[in-house]
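Data file: run_38.txt. Format and content: compact mmCIF, C-alpha atoms and all ligand atoms.
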```
# COMPACT_ATOMS: atom_id res chain seq x y z
CA ASN G 1 145.47 102.39 141.47
CA HIS G 2 142.80 99.76 140.68
CA GLY G 3 144.96 96.96 142.19
CA ARG G 4 147.50 97.30 139.40
CA VAL G 5 151.05 95.94 139.65
CA ILE G 6 154.19 97.12 137.86
CA ASN G 7 154.18 95.35 134.49
CA PHE G 8 157.67 94.88 133.06
CA GLY G 9 156.30 92.69 130.24
CA ALA G 10 157.76 92.88 126.75
CA GLY G 11 154.52 93.39 124.86
CA PRO G 12 151.69 93.99 125.14
CA SER G 13 153.07 96.12 127.88
CA ALA G 14 152.34 98.85 130.38
CA LEU G 15 150.39 101.93 129.33
CA PRO G 16 150.18 105.16 131.35
CA LEU G 17 147.39 105.07 133.92
CA SER G 18 146.16 108.54 132.92
CA VAL G 19 145.71 107.30 129.35
CA LEU G 20 143.75 104.23 130.46
CA GLU G 21 141.48 106.40 132.58
CA GLU G 22 140.89 108.76 129.66
CA ALA G 23 140.21 105.76 127.38
CA GLN G 24 137.53 104.54 129.79
CA LYS G 25 135.63 107.74 129.08
CA GLY G 26 136.16 107.39 125.35
CA LEU G 27 134.76 103.87 125.43
CA LEU G 28 131.49 105.40 126.58
CA ASN G 29 131.48 108.62 124.59
CA PHE G 30 134.09 109.48 121.96
CA SER G 31 134.77 113.14 121.32
CA GLY G 32 131.28 114.31 122.23
CA THR G 33 129.61 112.12 119.60
CA GLY G 34 127.54 110.27 122.17
CA ILE G 35 128.96 107.06 120.67
CA GLY G 36 131.78 105.03 122.21
CA ILE G 37 135.11 104.69 120.39
CA ALA G 38 134.62 100.95 119.80
CA GLU G 39 131.26 101.73 118.19
CA VAL G 40 131.87 104.87 116.17
CA SER G 41 132.23 104.91 112.37
CA HIS G 42 135.80 105.13 111.15
CA ARG G 43 134.47 107.56 108.52
CA SER G 44 132.89 109.96 111.04
CA LYS G 45 134.40 113.42 110.92
CA GLU G 46 135.42 113.12 114.56
CA PHE G 47 137.44 109.95 113.97
CA THR G 48 139.06 111.07 110.71
CA ALA G 49 140.11 114.28 112.50
CA PHE G 50 141.55 112.11 115.27
CA VAL G 51 143.56 110.05 112.75
CA ASP G 52 144.92 113.24 111.16
CA GLN G 53 146.08 114.38 114.57
CA VAL G 54 147.76 111.02 115.28
CA GLU G 55 149.75 111.37 112.07
CA LYS G 56 150.64 114.98 112.83
CA ASN G 57 151.83 114.07 116.32
CA ILE G 58 154.04 111.25 115.05
CA ARG G 59 155.43 113.61 112.42
CA THR G 60 156.20 116.28 115.00
CA LEU G 61 157.61 113.96 117.66
CA LEU G 62 159.95 112.16 115.25
CA ASP G 63 160.59 115.11 112.97
CA VAL G 64 159.46 113.14 109.91
CA PRO G 65 160.25 115.13 106.73
CA PRO G 66 157.71 115.79 103.94
CA THR G 67 159.48 113.17 101.78
CA HIS G 68 157.88 110.47 103.96
CA ARG G 69 154.27 109.40 104.50
CA ILE G 70 152.95 108.17 107.83
CA LEU G 71 150.52 105.27 107.44
CA LEU G 72 148.51 103.32 109.99
CA THR G 73 147.90 99.66 109.33
CA GLN G 74 147.28 96.31 111.00
CA GLY G 75 148.88 92.91 111.35
CA GLY G 76 151.69 93.86 113.72
CA GLY G 77 155.39 93.59 113.03
CA THR G 78 155.01 90.08 111.64
CA ALA G 79 152.74 91.18 108.80
CA GLN G 80 155.20 93.97 107.99
CA PHE G 81 157.98 91.39 107.48
CA SER G 82 155.98 90.30 104.38
CA VAL G 83 154.47 93.64 103.39
CA VAL G 84 157.80 95.39 103.04
CA VAL G 85 159.18 92.60 100.88
CA LEU G 86 156.21 92.67 98.48
CA ASN G 87 156.19 96.45 98.11
CA LEU G 88 159.94 96.86 97.70
CA LEU G 89 160.19 93.95 95.27
CA ALA G 90 157.57 95.78 93.20
CA ARG G 91 159.65 98.99 93.40
CA HIS G 92 162.77 97.12 92.34
CA ARG G 93 160.96 95.52 89.39
CA LEU G 94 159.79 98.93 88.16
CA LEU G 95 163.35 100.30 88.46
CA HIS G 96 165.00 97.22 86.92
CA PRO G 97 162.42 95.43 84.74
CA THR G 98 164.87 92.85 83.38
CA ALA G 99 166.73 91.95 86.61
CA THR G 100 167.14 88.19 87.04
CA PRO G 101 166.31 86.48 90.38
CA GLU G 102 170.06 86.43 91.10
CA GLU G 103 170.30 90.17 90.46
CA THR G 104 167.28 90.88 92.64
CA THR G 105 168.79 90.71 96.12
CA LEU G 106 167.33 91.42 99.54
CA ASP G 107 169.91 92.15 102.23
CA TYR G 108 169.21 91.19 105.86
CA VAL G 109 171.21 92.24 108.89
CA VAL G 110 170.66 89.46 111.43
CA THR G 111 171.27 90.59 115.00
CA GLY G 112 168.57 88.61 116.81
CA SER G 113 165.47 86.44 116.71
CA TRP G 114 163.23 89.02 115.04
CA SER G 115 165.55 89.99 112.21
CA LYS G 116 166.19 86.28 111.67
CA LYS G 117 162.44 85.71 111.38
CA ALA G 118 162.09 88.62 108.98
CA ALA G 119 164.79 87.11 106.75
CA GLU G 120 163.14 83.69 106.84
CA GLU G 121 159.83 85.17 105.75
CA ALA G 122 161.54 87.04 102.93
CA ARG G 123 163.08 83.75 101.77
CA ARG G 124 159.64 82.07 101.72
CA LEU G 125 158.02 84.88 99.77
CA THR G 126 160.70 85.43 97.17
CA ALA G 127 161.62 81.87 96.25
CA GLY G 128 162.12 81.87 92.48
CA HIS G 129 161.91 85.69 92.23
CA ALA G 130 164.84 86.97 94.23
CA THR G 131 167.81 86.09 96.41
CA VAL G 132 167.83 86.77 100.15
CA ARG G 133 171.30 87.49 101.51
CA THR G 134 172.59 87.76 105.05
CA VAL G 135 174.62 90.98 105.37
CA VAL G 136 176.02 89.80 108.68
CA ASP G 137 175.01 87.20 111.28
CA ALA G 138 175.76 88.37 114.80
CA ARG G 139 176.00 84.82 116.14
CA VAL G 140 179.37 84.50 114.43
CA TYR G 141 180.68 87.27 116.72
CA SER G 142 179.05 86.05 119.93
CA LYS G 143 180.80 84.90 123.08
CA ASP G 144 179.56 81.31 122.69
CA GLY G 145 179.34 81.15 118.91
CA GLN G 146 175.56 80.65 118.85
CA SER G 147 173.78 83.45 120.71
CA PHE G 148 172.60 86.85 119.62
CA ASP G 149 174.55 89.03 122.05
CA ASN G 150 176.11 91.79 119.97
CA VAL G 151 176.05 94.25 117.09
CA PRO G 152 178.94 93.08 114.88
CA PRO G 153 181.80 95.40 113.83
CA HIS G 154 180.79 97.67 110.96
CA ALA G 155 183.58 96.43 108.72
CA GLU G 156 181.90 92.98 108.69
CA PHE G 157 178.69 94.17 107.01
CA ARG G 158 178.58 92.99 103.37
CA PHE G 159 175.94 94.70 101.26
CA SER G 160 174.83 93.80 97.74
CA ALA G 161 175.53 96.22 94.94
CA ARG G 162 171.88 96.99 94.18
CA PRO G 163 169.57 95.48 96.79
CA ALA G 164 165.79 95.67 96.61
CA LEU G 165 165.96 96.32 100.35
CA VAL G 166 168.36 96.36 103.29
CA HIS G 167 166.56 95.26 106.44
CA TYR G 168 167.57 95.58 110.08
CA CYS G 169 165.83 95.39 113.45
CA GLU G 170 166.78 98.38 115.60
CA ASN G 171 166.02 96.71 118.91
CA GLU G 172 165.92 92.94 119.30
CA THR G 173 163.18 92.46 121.88
CA VAL G 174 163.97 88.84 122.74
CA ASP G 175 167.75 89.06 122.87
CA GLY G 176 168.10 92.57 124.31
CA VAL G 177 170.46 93.78 121.59
CA GLU G 178 170.15 97.31 120.24
CA PHE G 179 172.14 99.60 117.97
CA ALA G 180 173.86 102.24 120.10
CA HIS G 181 172.84 105.87 119.66
CA ASP G 182 176.25 107.26 120.45
CA ALA G 183 177.67 107.67 116.94
CA GLN G 184 181.17 106.93 118.29
CA SER G 185 180.19 103.52 119.60
CA PRO G 186 181.28 100.42 117.62
CA ALA G 187 177.66 99.25 117.94
CA ALA G 188 176.23 102.46 116.44
CA PHE G 189 174.04 102.73 113.32
CA PRO G 190 176.02 100.68 110.78
CA PHE G 191 174.68 102.14 107.53
CA ASP G 192 176.61 105.40 107.20
CA ARG G 193 179.00 103.90 104.67
CA LEU G 194 176.16 102.34 102.68
CA LEU G 195 174.24 105.59 102.56
CA GLU G 196 177.27 107.73 101.78
CA THR G 197 178.47 105.63 98.86
CA ALA G 198 174.83 105.13 97.78
CA GLY G 199 176.17 102.05 96.01
CA ALA G 200 172.74 100.54 96.15
CA GLY G 201 170.11 101.20 93.58
CA GLY G 202 172.33 102.54 90.77
CA GLY G 203 171.34 106.17 91.35
CA ALA G 204 168.09 105.38 93.11
CA LEU G 205 167.80 106.03 96.83
CA VAL G 206 168.96 103.28 99.19
CA PRO G 207 165.98 101.12 100.27
CA LEU G 208 166.94 100.96 103.95
CA VAL G 209 164.23 99.31 106.08
CA ALA G 210 164.02 99.24 109.87
CA ASP G 211 161.87 97.22 112.23
CA TYR G 212 161.36 99.65 115.11
CA SER G 213 158.65 97.61 116.85
CA SER G 214 160.17 97.67 120.32
CA SER G 215 162.03 100.98 120.28
CA PHE G 216 159.60 103.23 118.42
CA LEU G 217 159.26 106.63 120.14
CA CYS G 218 161.64 105.80 123.00
CA ARG G 219 164.07 108.38 121.57
CA PRO G 220 164.67 110.14 118.21
CA ILE G 221 165.43 107.87 115.22
CA PRO G 222 168.96 108.43 113.90
CA ARG G 223 168.99 109.32 110.17
CA LEU G 224 165.26 108.83 109.88
CA ALA G 225 165.16 110.77 106.60
CA ASP G 226 167.55 108.26 105.00
CA HIS G 227 165.23 105.33 105.60
CA ALA G 228 162.94 103.95 102.91
CA VAL G 229 160.56 102.27 105.35
CA ILE G 230 160.29 102.22 109.13
CA TYR G 231 157.65 100.01 110.69
CA ALA G 232 156.56 99.31 114.25
CA GLY G 233 153.82 97.40 116.01
CA ALA G 234 152.16 99.67 118.56
CA GLN G 235 152.03 97.37 121.55
CA LYS G 236 155.26 98.41 123.31
CA ASN G 237 155.65 102.16 123.61
CA LEU G 238 152.52 103.35 121.91
CA GLY G 239 149.29 101.50 122.57
CA PRO G 240 147.32 98.27 122.28
CA ALA G 241 148.16 95.49 119.82
CA GLY G 242 146.37 95.58 116.49
CA LEU G 243 147.97 98.72 115.09
CA ALA G 244 151.20 99.11 113.17
CA ILE G 245 152.81 102.40 112.17
CA LEU G 246 154.59 102.84 108.84
CA ILE G 247 156.87 105.67 107.81
CA VAL G 248 157.39 105.28 104.07
CA ARG G 249 159.47 107.39 101.69
CA GLU G 250 157.54 108.52 98.61
CA ASP G 251 159.68 106.55 96.12
CA CYS G 252 158.62 103.32 97.88
CA ILE G 253 154.93 104.00 97.31
CA VAL G 254 154.59 102.31 93.95
CA ASP G 255 151.95 100.89 91.62
CA VAL G 256 152.15 97.22 92.56
CA ASP G 257 149.92 96.17 89.65
CA ALA G 258 152.24 97.78 87.13
CA ALA G 259 155.12 95.88 88.78
CA ALA G 260 153.14 92.63 88.64
CA ARG G 261 152.67 93.11 84.90
CA LEU G 262 156.48 93.17 84.67
CA GLY G 263 156.76 89.91 86.61
CA ALA G 264 156.85 90.95 90.29
CA PRO G 265 154.71 88.85 92.66
CA PRO G 266 151.13 90.14 92.94
CA VAL G 267 150.38 92.14 96.11
CA PRO G 268 147.04 91.95 97.96
CA LEU G 269 145.57 95.45 97.77
CA ILE G 270 145.24 95.75 101.52
CA LEU G 271 149.04 95.28 101.76
CA SER G 272 149.93 97.86 99.14
CA TYR G 273 151.54 101.02 100.55
CA LYS G 274 150.01 102.99 97.66
CA GLN G 275 146.53 101.77 98.44
CA LEU G 276 146.95 102.77 102.08
CA ALA G 277 148.49 106.13 101.17
CA ASP G 278 145.85 106.98 98.56
CA HIS G 279 143.14 106.37 101.14
CA GLY G 280 144.79 108.18 104.05
CA SER G 281 145.19 104.86 105.95
CA LEU G 282 141.41 104.32 105.73
CA TYR G 283 141.11 101.93 102.78
CA ASN G 284 139.21 99.49 105.00
CA THR G 285 138.11 99.57 108.64
CA PRO G 286 141.22 100.27 110.72
CA SER G 287 141.86 99.20 114.30
CA VAL G 288 139.81 102.10 115.64
CA PHE G 289 140.27 101.45 119.35
CA ALA G 290 144.03 100.84 119.12
CA ILE G 291 144.44 104.05 117.12
CA TYR G 292 142.45 105.90 119.76
CA VAL G 293 144.60 104.76 122.68
CA ALA G 294 147.78 105.40 120.70
CA GLY G 295 146.47 108.90 120.00
CA LEU G 296 146.03 109.54 123.72
CA VAL G 297 149.56 108.30 124.40
CA LEU G 298 150.92 110.63 121.71
CA GLU G 299 149.13 113.63 123.21
CA ARG G 300 150.64 112.79 126.57
CA MET G 301 154.10 112.45 125.05
CA LYS G 302 153.79 115.84 123.42
CA ALA G 303 152.72 117.41 126.69
CA SER G 304 155.61 115.77 128.59
CA GLY G 305 158.26 117.40 126.42
CA GLY G 306 158.62 115.08 123.42
CA LEU G 307 161.29 112.54 122.57
CA LEU G 308 164.25 114.33 124.11
CA TYR G 309 162.50 114.05 127.44
CA TYR G 310 161.82 110.32 126.94
CA GLU G 311 165.35 109.74 125.70
CA ALA G 312 166.82 111.29 128.86
CA VAL G 313 164.54 109.31 131.19
CA ASN G 314 164.97 106.04 129.28
CA LYS G 315 168.74 106.43 129.35
CA ARG G 316 168.75 106.95 133.12
CA LYS G 317 166.41 103.98 133.67
CA ALA G 318 168.58 101.63 131.61
CA GLN G 319 171.88 102.85 133.03
CA LYS G 320 170.88 102.40 136.64
CA LEU G 321 169.47 98.93 135.97
CA TYR G 322 172.61 97.81 134.13
CA ALA G 323 174.68 99.18 137.01
CA VAL G 324 172.94 96.95 139.56
CA ILE G 325 173.21 93.94 137.25
CA HIS G 326 176.91 94.68 136.96
CA GLU G 327 177.16 94.77 140.75
CA GLY G 328 175.47 91.36 140.93
CA GLU G 329 177.85 90.07 138.29
CA GLN G 330 180.83 91.08 140.43
CA LYS G 331 179.29 89.05 143.26
CA GLY G 332 178.74 86.02 141.03
CA LEU G 333 174.94 86.26 141.35
CA PHE G 334 173.86 87.70 138.01
CA ARG G 335 175.20 87.36 134.49
CA ARG G 336 174.64 89.84 131.68
CA LYS G 337 173.84 88.16 128.40
CA VAL G 338 174.62 90.96 125.96
CA GLN G 339 178.10 92.23 125.20
CA GLN G 340 179.03 95.67 126.48
CA GLY G 341 177.96 98.45 124.11
CA SER G 342 175.16 96.50 122.39
CA GLU G 343 172.76 96.43 125.35
CA SER G 344 169.20 97.50 124.75
CA TRP G 345 167.63 100.36 126.67
CA MET G 346 164.20 98.82 126.23
CA ASN G 347 164.70 95.11 127.00
CA VAL G 348 167.32 94.34 129.62
CA VAL G 349 168.19 90.64 129.75
CA PHE G 350 170.28 88.81 132.33
CA GLU G 351 170.53 85.52 134.20
CA VAL G 352 170.22 84.82 137.90
CA LEU G 353 172.88 82.23 138.66
CA GLY G 354 172.42 79.17 140.85
CA GLU G 355 169.95 76.28 140.99
CA GLY G 356 166.40 77.56 141.49
CA SER G 357 167.54 81.19 141.85
CA GLU G 358 165.66 82.45 138.84
CA ASN G 359 162.35 81.22 140.19
CA LYS G 360 163.16 82.67 143.59
CA PHE G 361 163.84 85.99 141.90
CA LEU G 362 160.60 85.93 139.91
CA GLU G 363 158.51 84.88 142.91
CA GLY G 364 160.11 87.50 145.16
CA ALA G 365 159.46 90.21 142.58
CA GLU G 366 155.86 89.14 142.19
CA GLN G 367 155.33 89.34 145.94
CA GLU G 368 156.50 92.94 145.71
CA GLY G 369 154.00 93.68 142.94
CA MET G 370 156.28 93.35 139.93
CA LYS G 371 155.36 91.06 137.03
CA GLY G 372 156.32 90.26 133.46
CA LEU G 373 160.00 89.64 134.25
CA LYS G 374 160.41 86.18 132.80
CA GLY G 375 162.66 86.06 129.72
CA HIS G 376 161.31 84.97 126.33
CA ARG G 377 160.57 81.24 126.22
CA SER G 378 163.26 80.73 123.54
CA VAL G 379 166.13 82.10 125.63
CA GLY G 380 165.03 81.95 129.28
CA GLY G 381 166.55 84.17 131.98
CA ILE G 382 165.11 87.47 133.15
CA ARG G 383 163.93 90.23 130.84
CA VAL G 384 163.03 93.67 132.13
CA SER G 385 161.20 95.79 129.58
CA LEU G 386 161.62 99.50 130.25
CA TYR G 387 159.20 101.03 127.78
CA ASN G 388 158.10 104.66 128.07
CA ALA G 389 155.21 103.94 130.45
CA ILE G 390 157.57 102.47 133.07
CA THR G 391 158.48 105.34 135.38
CA GLU G 392 161.81 105.99 137.04
CA PRO G 393 160.40 105.32 140.56
CA GLU G 394 159.15 101.95 139.27
CA VAL G 395 162.66 101.08 138.09
CA ASP G 396 163.97 102.23 141.48
CA LYS G 397 161.59 99.82 143.14
CA LEU G 398 162.91 96.93 141.05
CA ILE G 399 166.48 97.96 141.84
CA ALA G 400 165.71 98.04 145.58
CA PHE G 401 164.32 94.51 145.27
CA MET G 402 167.42 93.35 143.36
CA THR G 403 169.73 94.89 145.96
CA HIS G 404 167.83 93.11 148.71
CA PHE G 405 167.91 89.87 146.70
CA MET G 406 171.69 90.14 146.38
CA LYS G 407 172.08 90.67 150.13
CA GLU G 408 169.96 87.61 150.89
CA SER G 409 171.85 85.47 148.37
CA SER G 410 175.45 86.32 149.29
N1 LIG G 501 159.58 92.77 115.53
C1 LIG G 501 159.94 93.01 116.80
C2 LIG G 501 161.22 93.74 117.06
C3 LIG G 501 159.13 92.58 117.86
O1 LIG G 501 159.47 92.81 119.13
C4 LIG G 501 157.92 91.89 117.57
C5 LIG G 501 156.97 91.44 118.65
N2 LIG G 501 157.41 91.36 119.90
C6 LIG G 501 157.61 91.65 116.23
C7 LIG G 501 158.45 92.12 115.24
C8 LIG G 501 156.36 90.92 115.87
O2 LIG G 501 155.30 91.74 116.15
P1 LIG G 501 153.78 91.24 116.19
O3 LIG G 501 153.65 90.28 117.30
O4 LIG G 501 153.08 92.55 116.42
O5 LIG G 501 153.48 90.67 114.86
```

Please lay out the structure from this file as structure tokens.
Amino acid sequence: NHGRVINFGAGPSALPLSVLEEAQKGLLNFSGTGIGIAEVSHRSKEFTAFVDQVEKNIRTLLDVPPTHRILLTQGGGTAQFSVVVLNLLARHRLLHPTATPEETTLDYVVTGSWSKKAAEEARRLTAGHATVRTVVDARVYSKDGQSFDNVPPHAEFRFSARPALVHYCENETVDGVEFAHDAQSPAAFPFDRLLETAGAGGGALVPLVADYSSSFLCRPIPRLADHAVIYAGAQKNLGPAGLAILIVREDCIVDVDAAARLGAPPVPLILSYKQLADHGSLYNTPSVFAIYVAGLVLERMKASGGLLYYEAVNKRKAQKLYAVIHEGEQKGLFRRKVQQGSESWMNVVFEVLGEGSENKFLEGAEQEGMKGLKGHRSVGGIRVSLYNAITEPEVDKLIAFMTHFMKESS
């Protein structure tokens, strides 16, 4: 296997070996052109056909309705924090040309480090134009009063009457907090009430925005059709860094120059959804290689049985890992960081208790050929990322190591 180890890193993260081997061939000769993928023109008929297929596969896998466009762009999740604000402020200005900065609100659900960052960026960009509001801050409901360890109770979410956007992060990669898929769970998708009353927008559709960077394509997206914008960097479940996927509802694809004439902040053309959409994601040179690898991953996903297959496997992987952490917790060796019900399937975070134990854990795992387990530098601890390319036998190997580690430590 080329001397490869199991990479539990949070991103960039593991890709399927079969895809990497296929990509090696494409680097030399893409689609029979005689030119490698990193060298071929993005306007060649072979590459534009490839891009069309990427879009089709995302549409099929996620069941994206015709009301939404699929766009490929760059800049990762971080760029999308800004891009979504600029485009949806423009939309809001066109809908409500005379709204004051106080009446132009952007609602942020803050359940972890990434949604917090997104809100901070919105505040920077809209100073003087709009008001950024926190719908709910999960730290208030945490065990220690300062950590992101939960999805707060739905009754605590306070939305504005007519927001320009409502933003949430589906899976908090650093903190390991995710909205539950079981609709009965208290940590489930918290926007049903908002969408049902459609209080936002005064007749216009609710501008619900989701950062799906670290849970994109790990399972179906609940109420996808009710979202205004879904964005995701590719470098977790889908491919190399340098590519971001956008799913944008048609009413959010607006003329940003017309909005600027009414007083909205100007939008760089390369960041305009309309510009991207009008040019089929090829307004400028896209991240050709990243799109190529993502395309290979998508083909493989289709062949493996689609998202219901990945959902079933990902659920099993997460459940068995949480079970062994729970066992360690009973023995006083491990401590889960996230409250029951809000635990992520993709990023499992926990602590190894006792002086020097964490390093012993990391070193032991590395000796067994498992890397990328160190928690994010801001929170410490252990983080196991269980993206699609991590197989069930690989999780079993980690669990065997953890069981052994517990025996040695007790
Ligand atoms: N949002 C989430 C949920 C993320 O996990 C990340 C990156 N780990 C980002 C945004 C930022 O993405 P990027 O580094 O691609 O800008």

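Compared by their closest atoms to Ser409 in chain G, and using all atoms listed in the file, the residues G:Gln24, G:Thr134, G:Asn388, G:Ser357 rank with G:Ser357 nearest.
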
Q: Return as a ChimeraX atom specification the residues of protein, DNA or RNA that approach ligand LIG 501 (chain G) to within 8 Å, with all atoms listed in the file taken into account.
A: /G:10-11,75-81,114-115,169-174,211-215,232-235,241-242,244

Q: Would you mind listing what lies within 12 Å of range 125-128 of chain G as a PyMOL selection string, with only C-alpha atoms counted and same-chain residues fewer than 2 positions away left out?
A: chain G and resi 81-90+100-106+118-123+130-133+164+263-267

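Our summary of the geometry notes that CA of Ala188 in chain G is positioned 17.3 Å from CA of Asn347 in chain G.
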
Q | Nearest to Glu178 in chain G by atom-to-atom distance, counting only C-alpha atoms, from G:Thr60, G:Thr98, G:Gln146, G:Ser342 | A | G:Ser342

Q: Give as a ChimeraX atom specification the set of residues within 12 Å of the point (165.8, 88.5, 122.0), where distances use the file's coordinates and all atoms listed in the file.
A: /G:10,110-117,147-150,169-178,214,337-338,343-344,346-350,375-385

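Put simply, CA of Lys25 in chain G is 11.7 Å away from CA of Tyr292 in chain G.
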
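CA of Thr285 in chain G to CA of Lys45 in chain G spans 14.5 Å [interatomic distance, one decimal].
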
May I ask you to restore N, CA and C atoms in range 177-189 of chain G and write the result as a PDB file, in the frame of the given file?
```pdb
ATOM      1  N   VAL G 177     169.363  93.165 122.335  1.00  0.00           N
ATOM      2  CA  VAL G 177     170.460  93.780 121.590  1.00  0.00           C
ATOM      3  C   VAL G 177     169.926  94.985 120.811  1.00  0.00           C
ATOM      4  N   GLU G 178     170.618  96.107 120.925  1.00  0.00           N
ATOM      5  CA  GLU G 178     170.150  97.310 120.240  1.00  0.00           C
ATOM      6  C   GLU G 178     171.338  98.081 119.661  1.00  0.00           C
ATOM      7  N   PHE G 179     171.102  98.738 118.536  1.00  0.00           N
ATOM      8  CA  PHE G 179     172.140  99.600 117.970  1.00  0.00           C
ATOM      9  C   PHE G 179     172.324 100.802 118.900  1.00  0.00           C
ATOM     10  N   ALA G 180     173.579 101.149 119.177  1.00  0.00           N
ATOM     11  CA  ALA G 180     173.860 102.240 120.100  1.00  0.00           C
ATOM     12  C   ALA G 180     173.556 103.579 119.435  1.00  0.00           C
ATOM     13  N   HIS G 181     173.138 104.557 120.220  1.00  0.00           N
ATOM     14  CA  HIS G 181     172.840 105.870 119.660  1.00  0.00           C
ATOM     15  C   HIS G 181     174.061 106.766 119.596  1.00  0.00           C
ATOM     16  N   ASP G 182     175.019 106.487 120.454  1.00  0.00           N
ATOM     17  CA  ASP G 182     176.250 107.260 120.450  1.00  0.00           C
ATOM     18  C   ASP G 182     177.003 106.928 119.145  1.00  0.00           C
ATOM     19  N   ALA G 183     177.110 107.917 118.268  1.00  0.00           N
ATOM     20  CA  ALA G 183     177.670 107.670 116.940  1.00  0.00           C
ATOM     21  C   ALA G 183     179.109 107.142 117.019  1.00  0.00           C
ATOM     22  N   GLN G 184     179.783 107.383 118.147  1.00  0.00           N
ATOM     23  CA  GLN G 184     181.170 106.930 118.290  1.00  0.00           C
ATOM     24  C   GLN G 184     181.265 105.458 118.688  1.00  0.00           C
ATOM     25  N   SER G 185     180.151 104.889 119.119  1.00  0.00           N
ATOM     26  CA  SER G 185     180.190 103.520 119.600  1.00  0.00           C
ATOM     27  C   SER G 185     180.377 102.523 118.454  1.00  0.00           C
ATOM     28  N   PRO G 186     181.138 101.435 118.673  1.00  0.00           N
ATOM     29  CA  PRO G 186     181.280 100.420 117.620  1.00  0.00           C
ATOM     30  C   PRO G 186     179.944  99.760 117.281  1.00  0.00           C
ATOM     31  N   ALA G 187     178.968  99.863 118.194  1.00  0.00           N
ATOM     32  CA  ALA G 187     177.660  99.250 117.940  1.00  0.00           C
ATOM     33  C   ALA G 187     176.649 100.269 117.391  1.00  0.00           C
ATOM     34  N   ALA G 188     177.141 101.420 116.936  1.00  0.00           N
ATOM     35  CA  ALA G 188     176.230 102.460 116.440  1.00  0.00           C
ATOM     36  C   ALA G 188     175.646 102.074 115.082  1.00  0.00           C
ATOM     37  N   PHE G 189     174.677 102.840 114.643  1.00  0.00           N
ATOM     38  CA  PHE G 189     174.040 102.730 113.320  1.00  0.00           C
ATOM     39  C   PHE G 189     175.070 102.359 112.252  1.00  0.00           C
TER      40      PHE G 189
END
```
